Amino acid sequence: MTRQLLIYDRMVPVSFANHGGLCLQATGRFDFAARLNAIPLLAAEFAEAGLDHPVVFLRQSDGVFPVALTGLRPDRNEHVGHDGRWGQSYLPAFLRRYPFALARDGGRGADMLALCLDESYAGLNRDGRGERLFDSEGQQTAFLRRAIDMAADYHAQHHRTAEFCARIDALGLLDPAEAAFTYWSGRAGSLGGFSIISRTRLHQLPQDEVLSLFGSGGLERIHAHLASLSRIETLREAAGHEGGGALAGPRAAAGRQGTVPPAADDAGHALQRALDAVLKRPALVARSRKIAAGHPAADRRLFTFGRADLHDPDTPDALEPILGHPVPQVLRDLWTRARIVHLGLDSGDPQEGAVRKLYLEFPPDAAPEPGLVYLSAKTGRRSVIHRYERVTDAAALIGSLTSDPALRAAVQALAERSQMLLKVHEAGGKRLSLDINLADLSPEPALQNALDDLVARIDPDAPRAGHWPSHVAIGQDGAGKPFVTLYGWPDAPAP
């Protein structure tokens, strides 16, 4: 495995004497990292970086240290395009701090650190472009002080990362690994020289070691590392493209199965990271869009996983901190009957505000009641329980949802072709809707027209669905307002 991490060419301690009239204008280019197929990471970055990059470990002369794999081909960073731009994936702090870094200042003694600057950086100038390092009186500018703070924080985090790596190495958790791939020409290749944590030895750790790792945050980092390994497949696919920068395009990172697209909101990233810590494998992520007249469309995320994929599948306790509220007793009582669990995040629901949902999905042979497919708890400005019950004839339900003949016709055209219809309602509330499964239907013109008409009847300003949804919900929400929600495939863009 190649290691080309020395991106600094002319490191010089920053001083007023040398840099008094210097300005720095960010170029937005990362040509200097285009040949790095591995970039150092801090332990604090594992959760976020792992959404886009495989997090692995390199054994060096001074110990073990984590890196983000950015390519499987030697000397090839798949996230830097031909124009030198970084794609939409996570940018490690190692690169964010450039062209600054703390380094030993030989003139001050072997143990003294000083903020240094790579004078080869293309954005440095004395023409007044960008940010000044010193003001006219020779004092550090706010820009330079921020650079010092960032470099100092990086240095401190680097030491904490080294301590974490030394610990997992001492516990004997690391195994050598390699990744095979195929060049676009058909020639076989492989990347080795890195290590990953052994799940088997992790599970065999004594309880006191596990509790100690949990208390120090180490267990969370380990699970983020393990979850990130699925991203190797993305690099394997990129290695099959002619040329470099296969993941640098604006859409390259979007719509990957099992991850939130980079454009997703911070709440989605946070929920993904929290789930990675309590699951044995990453949750599947789907997107949906709720459309309601007079309100902006609300984009949503749905994280799906098997109950057996939880480290403790017999209780929902690990999900309570993620939900931000206790799991209702009715869901606790039925917990072990569920085979699939869904966590929903509606970060901008027009009527409810920020909402999180917990769904239990029951197989037919374990349903608490005949026809009950899902039971969900929803919390926002209010907390409610929703029931999802199978229906065979939706005509009466459609009639109670709307008095608009054209809307009824559009809904009926979709419902009569669907193999699965669900009535969704809450006890004592206004929420009532029909969920129509469209996964087994192809978007023939008549059905596509019915879907387009359905959306337009709810909100004439709403855009057409960008792709054929897996299912659609139509009805009135808890505030009694009409809505339609389009649900996407796990690897599809937003509807």
# chains A, B, ... in the order shown; residues from 1 in each chain; ligands from 1
call {"tool": "select_by_dssp", "arguments": {"residues": "segment 18-106 of chain A", "states": "strand (DSSP E or B)", "output": "JSON, numbers by chain"}}
result
{"A": [23, 24, 38, 39, 40, 55, 56, 57, 58, 59, 60, 63, 64, 65, 66, 67, 68, 69, 80, 86, 100, 101, 102, 103, 104]}
call {"tool": "residues_around", "arguments": {"residues": "segment 12-25 of chain A", "least_positions_apart": "5", "cutoff": "9 Å", "atoms": "only C-alpha atoms", "output": "VMD selection string"}}
result
chain A and resid 102 to 103 105 114 to 119 121 to 136 138 to 140
call {"tool": "residues_around", "arguments": {"residues": "Ile168 of chain A", "least_positions_apart": "6", "cutoff": "9 Å", "atoms": "only C-alpha atoms", "output": "PyMOL selection string"}}
result
chain A and resi 174+197+218
call {"tool": "write_last_selection", "arguments": {"atoms": "all heavy atoms", "output": "short mmCIF file (atom, residue, chain, number, x, y, z; two decimals), in the first residue's frame"}}
result
data_model
loop_
_atom_site.label_atom_id
_atom_site.label_comp_id
_atom_site.auth_asym_id
_atom_site.auth_seq_id
_atom_site.Cartn_x
_atom_site.Cartn_y
_atom_site.Cartn_z
N LEU A 174 -6.36 -6.09 15.73
CA LEU A 174 -6.13 -5.76 14.33
C LEU A 174 -5.69 -6.97 13.52
O LEU A 174 -4.86 -7.77 13.96
CB LEU A 174 -5.07 -4.66 14.22
CG LEU A 174 -5.48 -3.30 14.78
CD1 LEU A 174 -4.30 -2.34 14.78
CD2 LEU A 174 -6.63 -2.72 13.96
N ILE A 197 -10.16 -4.09 12.18
CA ILE A 197 -10.46 -4.72 13.47
C ILE A 197 -11.20 -6.03 13.25
O ILE A 197 -12.14 -6.10 12.45
CB ILE A 197 -11.27 -3.76 14.35
CG1 ILE A 197 -10.37 -2.61 14.82
CG2 ILE A 197 -11.89 -4.48 15.54
CD1 ILE A 197 -11.08 -1.55 15.63
N GLY A 218 -14.21 4.65 22.83
CA GLY A 218 -13.52 3.80 21.88
C GLY A 218 -14.43 2.83 21.15
O GLY A 218 -14.23 2.54 19.97
#
call {"tool": "atom_distance", "arguments": {"atom1": "atom CA of Ser230 of chain A", "atom2": "atom CA of Glu178 of chain A"}}
result
13.4 Å
call {"tool": "residues_around", "arguments": {"residues": "Leu447 of chain A", "least_positions_apart": "6", "cutoff": "12 Å", "atoms": "only C-alpha atoms", "output": "list of chain:residue names"}}
result
A:Ala409, A:Ala410, A:Val411, A:Gln412, A:Ala413, A:Leu414, A:Ala415, A:Glu416, A:Arg417, A:Ser418, A:Leu438, A:Leu441, A:Asp453, A:Leu454, A:Trp468, A:Pro469
call {"tool": "write_last_selection", "arguments": {"atoms": "N, CA and C atoms", "output": "compact mmCIF listing (two decimals), in the first residue's frame"}}
result
# COMPACT_ATOMS: atom_id res chain seq x y z
N ALA A 409 -60.18 9.67 -8.42
CA ALA A 409 -59.91 8.84 -9.60
C ALA A 409 -58.42 8.52 -9.71
N ALA A 410 -57.58 9.48 -9.41
CA ALA A 410 -56.14 9.25 -9.49
C ALA A 410 -55.69 8.23 -8.45
N VAL A 411 -56.22 8.37 -7.23
CA VAL A 411 -55.84 7.43 -6.18
C VAL A 411 -56.36 6.04 -6.51
N GLN A 412 -57.59 5.95 -6.99
CA GLN A 412 -58.19 4.66 -7.30
C GLN A 412 -57.43 3.96 -8.42
N ALA A 413 -56.95 4.73 -9.42
CA ALA A 413 -56.20 4.13 -10.53
C ALA A 413 -54.94 3.45 -10.04
N LEU A 414 -54.30 4.02 -9.02
CA LEU A 414 -53.09 3.40 -8.47
C LEU A 414 -53.45 2.26 -7.53
N ALA A 415 -54.49 2.45 -6.71
CA ALA A 415 -54.84 1.46 -5.70
C ALA A 415 -55.33 0.16 -6.30
N GLU A 416 -56.08 0.24 -7.39
CA GLU A 416 -56.65 -0.99 -7.95
C GLU A 416 -55.61 -1.88 -8.60
N ARG A 417 -54.39 -1.34 -8.84
CA ARG A 417 -53.32 -2.15 -9.43
C ARG A 417 -52.31 -2.64 -8.39
N SER A 418 -52.40 -2.11 -7.18
CA SER A 418 -51.42 -2.44 -6.15
C SER A 418 -51.73 -3.77 -5.49
N LEU A 438 -46.26 0.50 -4.75
CA LEU A 438 -46.08 0.56 -6.21
C LEU A 438 -44.84 -0.19 -6.67
N LEU A 441 -45.09 -2.43 -9.71
CA LEU A 441 -45.73 -1.86 -10.89
C LEU A 441 -44.72 -1.06 -11.69
N ASP A 453 -51.05 13.44 -11.52
CA ASP A 453 -52.30 14.14 -11.21
C ASP A 453 -52.54 14.17 -9.71
N LEU A 454 -52.20 13.09 -9.03
CA LEU A 454 -52.37 13.03 -7.59
C LEU A 454 -51.53 14.12 -6.91
N TRP A 468 -40.01 6.75 -10.41
CA TRP A 468 -41.18 5.98 -9.96
C TRP A 468 -40.97 5.56 -8.52
N PRO A 469 -41.88 5.96 -7.61
CA PRO A 469 -41.66 5.67 -6.18
C PRO A 469 -41.96 4.21 -5.85
call {"tool": "residues_around", "arguments": {"residues": "Glu237 of chain A", "least_positions_apart": "6", "cutoff": "10 Å", "atoms": "only C-alpha atoms", "output": "list in words"}}
result
Leu72, Phe181, Thr182, Tyr183, Trp184, Ala246 and Leu247 of chain A
call {"tool": "write_last_selection", "arguments": {"atoms": "all heavy atoms", "output": "compact mmCIF listing (two decimals), in the first residue's frame"}}
result
# COMPACT_ATOMS: atom_id res chain seq x y z
N LEU A 72 -8.14 2.71 -4.41
CA LEU A 72 -7.48 1.40 -4.36
C LEU A 72 -6.30 1.33 -5.32
O LEU A 72 -5.37 0.56 -5.12
CB LEU A 72 -8.49 0.28 -4.68
CG LEU A 72 -9.69 0.16 -3.74
CD1 LEU A 72 -10.54 -1.05 -4.13
CD2 LEU A 72 -9.24 0.04 -2.28
N PHE A 181 -9.44 -5.55 -6.80
CA PHE A 181 -10.25 -4.77 -7.73
C PHE A 181 -9.81 -5.07 -9.15
O PHE A 181 -8.83 -5.82 -9.37
CB PHE A 181 -10.10 -3.26 -7.44
CG PHE A 181 -8.71 -2.73 -7.63
CD1 PHE A 181 -8.31 -2.17 -8.84
CD2 PHE A 181 -7.77 -2.79 -6.60
CE1 PHE A 181 -7.02 -1.68 -9.02
CE2 PHE A 181 -6.48 -2.31 -6.77
CZ PHE A 181 -6.10 -1.75 -7.98
N THR A 182 -10.51 -4.53 -10.11
CA THR A 182 -10.19 -4.73 -11.52
C THR A 182 -10.06 -3.39 -12.21
O THR A 182 -10.96 -2.55 -12.12
CB THR A 182 -11.28 -5.56 -12.23
OG1 THR A 182 -11.44 -6.81 -11.54
CG2 THR A 182 -10.90 -5.83 -13.68
N TYR A 183 -8.91 -3.16 -12.87
CA TYR A 183 -8.73 -1.94 -13.64
C TYR A 183 -9.69 -1.91 -14.82
O TYR A 183 -10.23 -2.96 -15.24
CB TYR A 183 -7.29 -1.85 -14.18
CG TYR A 183 -6.24 -1.58 -13.14
CD1 TYR A 183 -5.59 -2.62 -12.47
CD2 TYR A 183 -5.87 -0.28 -12.83
CE1 TYR A 183 -4.60 -2.37 -11.53
CE2 TYR A 183 -4.87 -0.01 -11.89
CZ TYR A 183 -4.24 -1.06 -11.26
OH TYR A 183 -3.26 -0.81 -10.33
N TRP A 184 -9.91 -0.71 -15.39
CA TRP A 184 -10.84 -0.60 -16.52
C TRP A 184 -10.40 -1.45 -17.69
O TRP A 184 -11.21 -1.91 -18.50
CB TRP A 184 -10.97 0.87 -16.94
CG TRP A 184 -9.73 1.45 -17.57
CD1 TRP A 184 -8.70 2.07 -16.92
CD2 TRP A 184 -9.39 1.44 -18.96
NE1 TRP A 184 -7.73 2.45 -17.80
CE2 TRP A 184 -8.13 2.09 -19.08
CE3 TRP A 184 -10.01 0.98 -20.11
CZ2 TRP A 184 -7.50 2.26 -20.29
CZ3 TRP A 184 -9.38 1.16 -21.34
CH2 TRP A 184 -8.14 1.79 -21.42
N ALA A 246 -12.91 9.40 -10.13
CA ALA A 246 -14.22 8.83 -10.43
C ALA A 246 -15.29 9.25 -9.43
O ALA A 246 -16.47 9.21 -9.75
CB ALA A 246 -14.12 7.30 -10.46
N LEU A 247 -14.88 9.66 -8.23
CA LEU A 247 -15.86 10.04 -7.20
C LEU A 247 -15.88 11.54 -6.96
O LEU A 247 -16.42 12.02 -5.97
CB LEU A 247 -15.53 9.33 -5.88
CG LEU A 247 -15.53 7.80 -5.95
CD1 LEU A 247 -15.12 7.21 -4.62
CD2 LEU A 247 -16.89 7.28 -6.37
call {"tool": "atom_distance", "arguments": {"atom1": "atom CA of Pro206 of chain A", "atom2": "atom CA of Arg59 of chain A"}}
result
24.9 Å
call {"tool": "select_by_dssp", "arguments": {"residues": "segment 265-494 of chain A", "states": "alpha helix (DSSP H)", "output": "ChimeraX atom specification"}}
result
/A:266-278,320-323,329-333,395-401,405-415,445-458
call {"tool": "atom_distance", "arguments": {"atom1": "atom CA of Pro463 of chain A", "atom2": "atom CA of Gly475 of chain A"}}
result
18.9 Å
call {"tool": "closest_residue", "arguments": {"among": "A:Pro54, A:Pro405, A:Pro316, A:Gly399", "to": "Tyr359 of chain A", "atoms": "only C-alpha atoms"}}
result
A:Pro316
call {"tool": "closest_residue", "arguments": {"among": "A:Leu360, A:Val455, A:Leu275, A:Leu144", "to": "Leu319 of chain A", "atoms": "only C-alpha atoms"}}
result
A:Leu275
call {"tool": "closest_residue", "arguments": {"among": "A:Ile458, A:Leu310, A:Val64, A:Ala33", "to": "Arg85 of chain A", "atoms": "only C-alpha atoms"}}
result
A:Ala33
call {"tool": "residues_around", "arguments": {"residues": "segment 87-94 of chain A", "least_positions_apart": "5", "cutoff": "6 Å", "atoms": "only C-alpha atoms", "output": "ChimeraX atom specification"}}
result
/A:49,52,79,248-249
call {"tool": "closest_residue", "arguments": {"among": "A:Leu271, A:Thr200, A:Arg307, A:Gln329", "to": "Arg356 of chain A", "atoms": "only C-alpha atoms"}}
result
A:Leu271
call {"tool": "residues_around", "arguments": {"residues": "Leu229 of chain A", "least_positions_apart": "6", "cutoff": "10 Å", "atoms": "only C-alpha atoms", "output": "PyMOL selection string"}}
result
chain A and resi 50-56+69+196+281-282
call {"tool": "closest_residue", "arguments": {"among": "A:Leu323, A:Ser288, A:Leu401, A:Gly306", "to": "His467 of chain A", "atoms": "only C-alpha atoms"}}
result
A:Ser288
call {"tool": "closest_residue", "arguments": {"among": "A:Val67, A:Ala188, A:Ala366, A:Ala292", "to": "Asp459 of chain A", "atoms": "only C-alpha atoms"}}
result
A:Ala292
